[in-house]
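Undergrad: Enclosed is the structure file structure_24.cif (mmCIF, C-alpha atoms).
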data_target
loop_
_atom_site.label_atom_id
_atom_site.label_comp_id
_atom_site.auth_asym_id
_atom_site.auth_seq_id
_atom_site.Cartn_x
_atom_site.Cartn_y
_atom_site.Cartn_z
CA MET A 388 -17.94 -57.25 -163.63
CA LYS A 389 -17.80 -53.50 -164.18
CA LYS A 390 -20.97 -51.98 -165.57
CA ILE A 391 -20.79 -49.04 -167.99
CA GLY A 392 -23.45 -46.83 -169.57
CA ILE A 393 -23.67 -45.69 -173.21
CA VAL A 394 -25.50 -42.42 -173.93
CA CYS A 395 -26.08 -39.84 -176.68
CA CYS A 396 -26.40 -36.28 -175.37
CA SER A 397 -25.80 -34.75 -178.81
CA ASN A 398 -27.15 -35.93 -182.18
CA GLY A 399 -28.75 -39.37 -182.22
CA GLN A 400 -27.21 -42.32 -184.03
CA ARG A 401 -28.63 -43.38 -187.37
CA LYS A 402 -30.49 -46.69 -187.30
CA LEU A 403 -28.15 -48.02 -189.98
CA TYR A 404 -25.33 -47.81 -187.40
CA ALA A 405 -27.00 -50.44 -185.21
CA GLU A 406 -24.67 -53.21 -186.39
CA LYS A 407 -21.60 -51.10 -185.60
CA LEU A 408 -22.93 -50.35 -182.13
CA ASN A 409 -23.43 -54.07 -181.58
CA ILE A 410 -19.78 -54.58 -182.51
CA LEU A 411 -18.81 -51.84 -180.05
CA ARG A 412 -20.86 -53.55 -177.33
CA ASP A 413 -19.16 -56.88 -178.08
CA SER A 414 -15.73 -55.22 -178.03
CA LEU A 415 -16.40 -53.68 -174.63
CA GLN A 416 -17.84 -56.90 -173.28
CA SER A 417 -14.65 -58.71 -174.32
CA PHE A 418 -12.92 -56.64 -171.62
CA GLY A 419 -15.28 -58.07 -169.01
CA LEU A 420 -17.56 -55.02 -169.01
CA GLN A 421 -21.34 -55.13 -168.74
CA VAL A 422 -22.69 -52.64 -171.29
CA VAL A 423 -26.01 -50.83 -170.89
CA PHE A 424 -27.41 -48.54 -173.59
CA SER A 425 -29.65 -45.63 -172.62
CA ASP A 426 -33.15 -45.13 -174.02
CA CYS A 427 -31.88 -42.17 -176.09
CA ILE A 428 -29.53 -43.54 -178.74
CA TYR A 429 -31.12 -43.49 -182.20
CA GLU A 430 -32.54 -40.62 -184.23
CA LYS A 431 -36.29 -40.26 -183.88
CA ASP A 432 -37.06 -36.55 -184.35
CA GLY A 433 -34.81 -35.24 -187.08
CA VAL A 434 -31.26 -35.77 -185.83
CA SER A 435 -32.33 -35.83 -182.19
CA CYS A 436 -32.72 -39.00 -180.14
CA GLY A 437 -35.04 -37.17 -177.73
CA THR A 438 -35.72 -33.73 -176.34
CA ALA A 439 -32.96 -32.00 -174.40
CA ARG A 440 -34.73 -32.89 -171.16
CA GLU A 441 -35.11 -36.54 -172.20
CA ARG A 442 -31.44 -36.81 -173.15
CA ALA A 443 -30.41 -35.26 -169.83
CA GLN A 444 -32.69 -37.64 -167.92
CA ALA A 445 -31.18 -40.60 -169.76
CA LEU A 446 -27.72 -39.46 -168.66
CA MET A 447 -28.82 -38.83 -165.06
CA ARG A 448 -30.28 -42.35 -164.79
CA PHE A 449 -26.75 -43.66 -165.22
CA TYR A 450 -25.45 -41.31 -162.54
CA GLU A 451 -28.18 -42.60 -160.24
CA ASP A 452 -27.37 -46.26 -160.97
CA GLU A 453 -24.83 -47.19 -158.30
CA GLU A 454 -23.58 -50.14 -160.37
CA ILE A 455 -22.47 -47.94 -163.29
CA THR A 456 -18.76 -47.07 -163.02
CA GLU A 457 -18.17 -45.13 -166.27
CA ILE A 458 -20.45 -43.30 -168.71
CA PHE A 459 -19.49 -43.10 -172.40
CA ASP A 460 -21.19 -40.74 -174.82
CA ILE A 461 -20.94 -42.03 -178.39
CA SER A 462 -22.50 -38.99 -180.09
CA GLY A 463 -21.32 -35.77 -181.62
CA GLY A 464 -22.82 -33.02 -183.72
CA ASP A 465 -24.64 -29.95 -182.44
CA LEU A 466 -27.21 -30.64 -179.73
CA ALA A 467 -25.29 -31.46 -176.55
CA ASN A 468 -25.44 -28.03 -174.90
CA GLY A 469 -29.23 -28.34 -174.79
CA VAL A 470 -28.98 -30.83 -171.91
CA LEU A 471 -27.00 -28.52 -169.60
CA PRO A 472 -29.90 -26.84 -167.74
CA TYR A 473 -31.50 -30.24 -167.00
CA LEU A 474 -28.52 -31.99 -165.39
CA ASP A 475 -28.42 -32.55 -161.62
CA TYR A 476 -24.99 -31.14 -160.82
CA GLU A 477 -25.25 -31.94 -157.11
CA ARG A 478 -25.77 -35.60 -157.98
CA ILE A 479 -22.90 -35.52 -160.46
CA ALA A 480 -20.63 -33.88 -157.87
CA SER A 481 -21.31 -36.66 -155.38
CA SER A 482 -20.56 -39.42 -157.90
CA GLU A 483 -17.22 -41.16 -158.44
CA LYS A 484 -18.02 -42.20 -162.02
CA ARG A 485 -16.47 -40.45 -165.01
CA PHE A 486 -18.16 -39.07 -168.10
CA TRP A 487 -16.44 -39.66 -171.46
CA GLY A 488 -17.15 -37.96 -174.78
CA TYR A 489 -15.61 -35.77 -177.45
CA SER A 490 -16.40 -33.10 -180.04
CA ASP A 491 -19.80 -31.58 -179.17
CA LEU A 492 -19.58 -33.23 -175.74
CA THR A 493 -16.93 -30.63 -174.99
CA THR A 494 -19.91 -28.62 -173.74
CA VAL A 495 -21.00 -31.24 -171.19
CA ILE A 496 -17.47 -32.07 -170.07
CA ASN A 497 -16.56 -28.46 -169.35
CA ALA A 498 -19.92 -27.72 -167.77
CA ILE A 499 -19.43 -30.62 -165.36
CA TYR A 500 -16.06 -29.20 -164.36
CA ALA A 501 -17.38 -25.62 -164.07
CA LYS A 502 -20.37 -26.62 -161.95
CA THR A 503 -18.89 -29.43 -159.85
CA GLY A 504 -15.10 -29.39 -160.08
CA LYS A 505 -15.28 -33.01 -161.30
CA ALA A 506 -13.04 -34.25 -164.08
CA SER A 507 -14.27 -35.94 -167.28
CA VAL A 508 -12.51 -37.45 -170.27
CA LEU A 509 -12.29 -36.05 -173.79
CA TYR A 510 -12.30 -39.29 -175.79
CA GLN A 511 -14.56 -41.14 -178.24
CA VAL A 512 -15.01 -44.79 -177.30
CA ARG A 513 -16.03 -45.58 -180.91
CA ASN A 514 -12.29 -45.37 -181.67
CA LEU A 515 -12.32 -49.05 -180.65
CA LEU A 516 -14.01 -49.77 -184.00
CA TYR A 517 -11.76 -47.87 -186.41
CA GLU A 518 -8.49 -48.49 -188.25
CA ASP A 519 -6.32 -47.97 -185.16
CA LYS A 520 -8.49 -50.25 -183.06
CA GLU A 521 -5.76 -52.65 -181.94
CA ARG A 522 -3.68 -49.93 -180.30
CA GLN A 523 -6.84 -48.29 -179.00
CA ARG A 524 -7.90 -51.55 -177.35
CA VAL A 525 -4.54 -51.91 -175.62
CA ASN A 526 -4.60 -48.33 -174.32
CA PHE A 527 -8.27 -48.54 -173.33
CA TYR A 528 -7.78 -51.78 -171.42
CA ASN A 529 -4.76 -50.39 -169.59
CA THR A 530 -6.59 -47.22 -168.59
CA VAL A 531 -10.18 -48.32 -167.93
CA ILE A 532 -9.68 -51.87 -166.67
CA GLU A 533 -6.22 -51.71 -165.11
CA ARG A 534 -6.46 -48.02 -164.06
CA GLY A 535 -3.24 -47.17 -165.86
CA LYS A 536 -2.43 -44.01 -167.84
CA GLN A 537 -1.58 -45.17 -171.38
CA LEU A 538 -4.64 -43.60 -172.96
CA PHE A 539 -3.84 -40.26 -171.31
CA GLN A 540 -0.21 -39.91 -172.41
CA PRO A 541 -0.14 -38.16 -175.79
CA GLU A 542 3.17 -37.20 -177.33
CA TYR A 543 3.66 -33.45 -177.68
CA HIS A 544 6.26 -30.79 -178.41
CA PHE A 545 6.51 -27.09 -177.61
CA VAL A 546 6.43 -24.43 -180.31
CA GLN A 547 6.62 -21.56 -177.82
CA GLY A 548 8.01 -21.82 -174.30
CA SER A 549 9.11 -25.09 -172.77
CA ARG A 550 6.85 -25.89 -169.82
CA MET A 551 3.31 -25.33 -168.58
CA ARG A 552 1.23 -26.52 -165.67
CA GLY A 553 -2.44 -26.16 -164.81
CA VAL A 554 -5.87 -27.74 -164.88
CA VAL A 555 -6.80 -28.68 -168.45
CA VAL A 556 -10.03 -27.22 -169.88
CA GLY A 557 -11.39 -26.87 -173.40
CA GLY A 558 -11.64 -29.35 -176.24
CA ASN A 559 -13.33 -28.78 -179.57
CA ILE A 560 -12.91 -25.06 -180.21
CA ARG A 561 -16.29 -24.48 -181.88
CA CYS A 562 -18.19 -26.35 -179.21
CA PHE A 563 -16.24 -24.87 -176.29
CA LEU A 564 -17.25 -21.39 -177.43
CA LYS A 565 -20.93 -22.33 -177.07
CA LEU A 566 -20.33 -21.94 -173.33
CA ALA A 567 -19.09 -18.34 -173.57
CA GLY A 568 -21.17 -16.01 -171.43
CA THR A 569 -22.96 -18.86 -169.65
CA GLU A 570 -22.66 -20.29 -166.15
CA TYR A 571 -21.20 -23.43 -167.72
CA MET A 572 -17.99 -21.79 -168.96
CA PRO A 573 -15.00 -22.74 -166.80
CA ASP A 574 -12.87 -20.04 -165.20
CA LEU A 575 -9.83 -19.87 -167.47
CA ARG A 576 -7.43 -18.33 -164.99
CA ASP A 577 -4.17 -20.33 -164.76
CA LYS A 578 -5.64 -23.15 -166.87
CA ILE A 579 -4.15 -25.05 -169.78
CA LEU A 580 -6.50 -24.41 -172.70
CA LEU A 581 -6.82 -27.39 -175.02
CA LEU A 582 -8.06 -26.61 -178.52
CA GLU A 583 -8.79 -29.00 -181.39
CA GLY A 584 -11.26 -29.09 -184.26
CA ARG A 585 -12.82 -31.19 -186.97
CA SER A 586 -14.41 -28.83 -189.49
CA GLY A 587 -13.42 -25.33 -190.49
CA THR A 588 -10.58 -23.75 -192.42
CA ALA A 589 -8.28 -20.86 -191.50
CA ALA A 590 -11.01 -18.20 -191.65
CA GLN A 591 -13.28 -20.03 -189.22
CA MET A 592 -10.41 -20.78 -186.85
CA GLU A 593 -9.27 -17.17 -186.85
CA THR A 594 -12.81 -16.14 -185.95
CA TYR A 595 -12.91 -18.57 -183.02
CA LEU A 596 -9.50 -17.41 -181.81
CA CYS A 597 -10.61 -13.78 -182.04
CA GLN A 598 -13.57 -14.60 -179.80
CA LEU A 599 -11.29 -16.28 -177.26
CA GLN A 600 -8.96 -13.29 -177.39
CA GLN A 601 -11.87 -10.90 -176.84
CA LEU A 602 -13.01 -13.00 -173.88
CA GLY A 603 -9.58 -12.38 -172.36
CA ALA A 604 -8.75 -16.08 -172.52
CA PHE A 605 -5.15 -15.70 -173.62
CA ASP A 606 -4.42 -13.21 -170.84
CA LYS A 607 -5.71 -15.67 -168.24
CA VAL A 608 -4.47 -19.11 -169.24
CA ALA A 609 -1.15 -20.67 -168.24
CA GLY A 610 -0.66 -22.23 -171.66
CA VAL A 611 -2.29 -23.57 -174.81
CA LEU A 612 -2.26 -27.17 -176.00
CA LEU A 613 -3.18 -27.62 -179.67
CA GLY A 614 -4.54 -30.92 -180.91
CA THR A 615 -5.40 -31.77 -184.50
CA PHE A 616 -7.57 -29.67 -186.82
CA THR A 617 -8.88 -32.19 -189.31
CA GLN A 618 -10.17 -30.08 -192.20
CA MET A 619 -7.40 -27.49 -191.96
CA GLU A 620 -4.74 -30.17 -192.13
CA ALA A 621 -6.46 -32.13 -194.91
CA GLU A 622 -6.62 -28.99 -197.05
CA ASN A 623 -3.13 -27.77 -196.08
CA CYS A 624 -4.55 -24.44 -194.96
CA VAL A 625 -2.26 -21.44 -194.56
CA PRO A 626 -1.90 -19.89 -192.10
CA THR A 627 -1.83 -23.01 -189.96
CA MET A 628 -3.50 -23.16 -186.57
CA GLU A 629 -0.10 -22.86 -184.91
CA MET A 630 0.59 -19.66 -186.85
CA LEU A 631 -2.82 -18.21 -186.01
CA VAL A 632 -2.44 -18.87 -182.31
CA LYS A 633 1.02 -17.33 -182.18
CA ARG A 634 -0.39 -14.16 -183.73
CA MET A 635 -3.11 -13.95 -181.07
CA VAL A 636 -1.22 -14.63 -177.84
CA ARG A 637 1.56 -12.96 -175.91
CA SER A 638 5.07 -14.07 -176.79
CA ASP A 639 5.75 -15.63 -173.38
CA LEU A 640 2.64 -17.86 -173.32
CA PRO A 641 3.64 -21.54 -173.65
CA ILE A 642 2.16 -23.37 -176.63
CA ALA A 643 2.46 -27.13 -177.12
CA VAL A 644 1.24 -29.23 -180.05
CA THR A 645 0.11 -32.86 -180.09
CA ARG A 646 -0.96 -35.07 -183.00
CA GLU A 647 -2.71 -37.45 -180.61
CA ILE A 648 -5.73 -35.46 -179.41
CA GLY A 649 -8.60 -34.66 -181.74
CA HIS A 650 -10.96 -36.38 -184.13
CA GLY A 651 -8.52 -38.87 -185.65
CA ALA A 652 -9.00 -42.61 -185.25
CA ASP A 653 -5.60 -42.70 -183.54
CA SER A 654 -6.51 -40.05 -180.96
CA LYS A 655 -5.82 -40.60 -177.31
CA GLY A 656 -7.81 -39.10 -174.48
CA ILE A 657 -7.16 -36.29 -172.05
CA VAL A 658 -8.76 -35.59 -168.70
CA ILE A 659 -10.58 -32.24 -168.58
CA GLY A 660 -10.61 -30.79 -165.08
CA GLU A 661 -7.37 -32.44 -163.94
CA GLU A 662 -4.07 -30.69 -163.29
CA ARG A 663 -1.31 -31.60 -165.72
CA GLU A 664 2.25 -30.56 -166.34
CA PHE A 665 3.65 -30.55 -169.86
#
Mind turning the file's structure into structure tokens?

TA:
Amino acid sequence: MKKIGIVCCSNGQRKLYAEKLNILRDSLQSFGLQVVFSDCIYEKDGVSCGTARERAQALMRFYEDEEITEIFDISGGDLANGVLPYLDYERIASSEKRFWGYSDLTTVINAIYAKTGKASVLYQVRNLLYEDKERQRVNFYNTVIERGKQLFQPEYHFVQGSRMRGVVVGGNIRCFLKLAGTEYMPDLRDKILLLEGRSGTAAQMETYLCQLQQLGAFDKVAGVLLGTFTQMEAENCVPTMEMLVKRMVRSDLPIAVTREIGHGADSKGIVIGEEREF
């Protein structure tokens, strides 16, 4: 029986979500997985489930447990980058287990790649609870239990160029930019930069893109992959994210768009730190 760990490196879970987390545990156990929750799950100090050091230690205990094969972070919010100085990157580098998370966990996922070269997965395992749960269960089982690729095969189309290849970095645009100027920011040269977002309209997105442009990101990367931008799309914002990106980048930089990576309940996963060709 595979043993997996559940952590919260960002905001803690509300106590009223306990029943949903029990359902998640049961869903994972139905795949034949043994599920272990960390000591830092529920809010206890404002929105935090522990200090940054405590949350990092909770994560590292799973890296040190030789029986744990995968680590899933079920949180999101604002606090994840606080754990970065307290992680043991040498221990993470020597481990074969993968870290999974999304949204604010973009910070941890990209830091792991920057510091160790190890790949992690941008995906929220709580998708197994939501309206697309049947398809999510099929894809999750294929990928985690059978070691297939269904969860990592989003449909996409190009809006500029027709092909790109490189190691994928990035994730949630707001959270990725928390790493700018730190030792945890990946080298963007020849990478495929994935960008997606939950909150924010056109003005916020233009600001984030300006920062990436001023960091020289679009002169370095081999291409851009755009996921979903939840609030922008819900409010039918103009200009769209696709329009904004085209204004910021050189005309020969490949840009692809997918509806299957982001904060939606139907989102698939993507491996950050792994070379892909689109």

Undergrad: Could you list, with a cut-off of 10 Å and counting all atoms listed in the file, the residues of region 444-532 of chain A near region 574-586 of chain A, each shown with its nearest atom pair and the distance in Å rounded to one decimal, rows sorted by chain and ascending number, as JSON lines?

TA:
{"residue": "A:Ser490", "atom": "CA", "partner": "A:Gly584", "partner_atom": "CA", "distance": 7.8}
{"residue": "A:Tyr500", "atom": "CA", "partner": "A:Asp574", "partner_atom": "CA", "distance": 9.7}
{"residue": "A:Ala501", "atom": "CA", "partner": "A:Asp574", "partner_atom": "CA", "distance": 7.3}

Undergrad: For Ile657 (chain A), which residue out of A:Thr456, A:Thr645, A:Thr588, A:Gln400 is the nearest one, using all atoms listed in the file?

TA: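 Smallest distance to Ile657 (chain A) is found for A:Thr645.
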
Undergrad: Expand the PyMOL selection byres ((chain A and resi 479) around 10) into the explicit residue set it covers here, and present it as a PyMOL selection string.

TA: chain A and resi 447+450-451+474-478+480-486+499+502-505

Undergrad: Name the closest residue to Gln601 (chain A) among the candidates A:Pro573, A:Gly568, A:Gly464, A:Gly437; distances are taken between atoms, counting all atoms listed in the file.

TA: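 Among the listed residues, A:Gly568 lies closest to Gln601 (chain A).
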
Undergrad: Which residue, A:Ile659, A:Leu515, A:Ala506, A:Cys597, has the smallest gap to Val555 (chain A) when you use all atoms listed in the file?

TA: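 Between A:Ile659, A:Leu515, A:Ala506, A:Cys597, the residue approaching Val555 (chain A) most closely is A:Ile659.
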
Undergrad: Using 12 Å as the limit and counting all atoms listed in the file, can you tabulate each residue of region 524-564 of chain A that touches region 419-435 of chain A, with its shortest atom-to-atom distance in Å and the two atoms involved, as a tab-separated table?

TA:
residue	atom	partner	partner_atom	distance
A:Tyr528	CA	A:Gly419	CA	10.1
A:Val531	CA	A:Leu420	CA	10.0
A:Ile532	CA	A:Gly419	CA	8.7
A:Glu533	CA	A:Gly419	CA	11.7

Undergrad: Create the file for the chosen residues now, containing C-alpha atoms and written as a short mmCIF file (atom, residue, chain, number, x, y, z; two decimals), keeping the file's coordinate frame.

TA:
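Dumped to selection.cif:
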data_model
loop_
_atom_site.label_atom_id
_atom_site.label_comp_id
_atom_site.auth_asym_id
_atom_site.auth_seq_id
_atom_site.Cartn_x
_atom_site.Cartn_y
_atom_site.Cartn_z
CA TYR A 528 -7.78 -51.78 -171.42
CA VAL A 531 -10.18 -48.32 -167.93
CA ILE A 532 -9.68 -51.87 -166.67
CA GLU A 533 -6.22 -51.71 -165.11
#

Undergrad: Could you tell me, as a list of chain:residue names, exactly which residues end up selected when the PyMOL selection byres ((chain A and resi 412) around 12) is applied to this structure?

TA: A:Lys390, A:Ile391, A:Gly392, A:Ile393, A:Ala405, A:Glu406, A:Lys407, A:Leu408, A:Asn409, A:Ile410, A:Leu411, A:Asp413, A:Ser414, A:Leu415, A:Gln416, A:Ser417, A:Phe418, A:Gly419, A:Leu420, A:Gln421, A:Val422, A:Val423, A:Phe424, A:Phe459, A:Ile461, A:Val512, A:Arg513, A:Leu515, A:Leu516

Undergrad: Exactly which residues make up the result of the PyMOL selection byres ((chain A and resi 472) around 12) on this file, given as a list in words?

TA: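 For this structure, the PyMOL selection byres ((chain A and resi 472) around 12) resolves to Ala439, Arg440, Glu441, Arg442, Ala443, Gln444, Ala467, Asn468, Gly469, Val470, Leu471, Tyr473, Leu474, Asp475, Tyr476, Thr494, Val495, Ala498, Ile499, Lys502, Thr569, Glu570 and Tyr571 of chain A.
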
Undergrad: Hey, could you pull the box centre and edge lengths for region 451-469 of chain A, axis-aligned, 8 Å padding per side, all listed atoms, to one decimal in Å, as JSON?

TA:
{"center_x": -23.7, "center_y": -39.1, "center_z": -171.0, "size_x": 27.1, "size_y": 38.1, "size_z": 41.4}

Undergrad: Mind filling out region 538-553 of chain A with N, CA and C atoms and sending it as a PDB file, in the frame of the given file?

TA:
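Output file rebuild_39.pdb follows:
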ATOM      1  N   LEU A 538      -3.736 -44.341-172.087  1.00  0.00           N
ATOM      2  CA  LEU A 538      -4.640 -43.600-172.960  1.00  0.00           C
ATOM      3  C   LEU A 538      -4.488 -42.094-172.785  1.00  0.00           C
ATOM      4  N   PHE A 539      -3.936 -41.681-171.651  1.00  0.00           N
ATOM      5  CA  PHE A 539      -3.840 -40.260-171.310  1.00  0.00           C
ATOM      6  C   PHE A 539      -2.430 -39.707-171.446  1.00  0.00           C
ATOM      7  N   GLN A 540      -1.597 -40.345-172.261  1.00  0.00           N
ATOM      8  CA  GLN A 540      -0.210 -39.910-172.410  1.00  0.00           C
ATOM      9  C   GLN A 540       0.117 -39.604-173.878  1.00  0.00           C
ATOM     10  N   PRO A 541      -0.452 -38.528-174.410  1.00  0.00           N
ATOM     11  CA  PRO A 541      -0.140 -38.160-175.790  1.00  0.00           C
ATOM     12  C   PRO A 541       1.263 -37.585-175.916  1.00  0.00           C
ATOM     13  N   GLU A 542       1.885 -37.842-177.040  1.00  0.00           N
ATOM     14  CA  GLU A 542       3.170 -37.200-177.330  1.00  0.00           C
ATOM     15  C   GLU A 542       2.913 -35.755-177.732  1.00  0.00           C
ATOM     16  N   TYR A 543       3.845 -34.868-177.383  1.00  0.00           N
ATOM     17  CA  TYR A 543       3.660 -33.450-177.680  1.00  0.00           C
ATOM     18  C   TYR A 543       5.032 -32.791-177.794  1.00  0.00           C
ATOM     19  N   HIS A 544       5.043 -31.586-178.374  1.00  0.00           N
ATOM     20  CA  HIS A 544       6.260 -30.790-178.410  1.00  0.00           C
ATOM     21  C   HIS A 544       5.871 -29.316-178.294  1.00  0.00           C
ATOM     22  N   PHE A 545       6.774 -28.514-177.784  1.00  0.00           N
ATOM     23  CA  PHE A 545       6.510 -27.090-177.610  1.00  0.00           C
ATOM     24  C   PHE A 545       6.928 -26.314-178.862  1.00  0.00           C
ATOM     25  N   VAL A 546       6.093 -25.350-179.217  1.00  0.00           N
ATOM     26  CA  VAL A 546       6.430 -24.430-180.310  1.00  0.00           C
ATOM     27  C   VAL A 546       6.633 -23.019-179.775  1.00  0.00           C
ATOM     28  N   GLN A 547       6.341 -22.827-178.508  1.00  0.00           N
ATOM     29  CA  GLN A 547       6.620 -21.560-177.820  1.00  0.00           C
ATOM     30  C   GLN A 547       6.708 -21.882-176.328  1.00  0.00           C
ATOM     31  N   GLY A 548       7.781 -21.449-175.685  1.00  0.00           N
ATOM     32  CA  GLY A 548       8.010 -21.820-174.300  1.00  0.00           C
ATOM     33  C   GLY A 548       8.474 -23.254-174.195  1.00  0.00           C
ATOM     34  N   SER A 549       8.588 -23.744-172.962  1.00  0.00           N
ATOM     35  CA  SER A 549       9.110 -25.090-172.770  1.00  0.00           C
ATOM     36  C   SER A 549       8.430 -25.853-171.637  1.00  0.00           C
ATOM     37  N   ARG A 550       7.491 -25.220-170.947  1.00  0.00           N
ATOM     38  CA  ARG A 550       6.850 -25.890-169.820  1.00  0.00           C
ATOM     39  C   ARG A 550       5.549 -25.165-169.477  1.00  0.00           C
ATOM     40  N   MET A 551       4.538 -25.935-169.086  1.00  0.00           N
ATOM     41  CA  MET A 551       3.310 -25.330-168.580  1.00  0.00           C
ATOM     42  C   MET A 551       2.631 -26.305-167.622  1.00  0.00           C
ATOM     43  N   ARG A 552       1.910 -25.715-166.682  1.00  0.00           N
ATOM     44  CA  ARG A 552       1.230 -26.520-165.670  1.00  0.00           C
ATOM     45  C   ARG A 552      -0.102 -25.864-165.330  1.00  0.00           C
ATOM     46  N   GLY A 553      -1.134 -26.675-165.182  1.00  0.00           N
ATOM     47  CA  GLY A 553      -2.440 -26.160-164.810  1.00  0.00           C
ATOM     48  C   GLY A 553      -3.521 -27.190-165.040  1.00  0.00           C
TER      49      GLY A 553
END
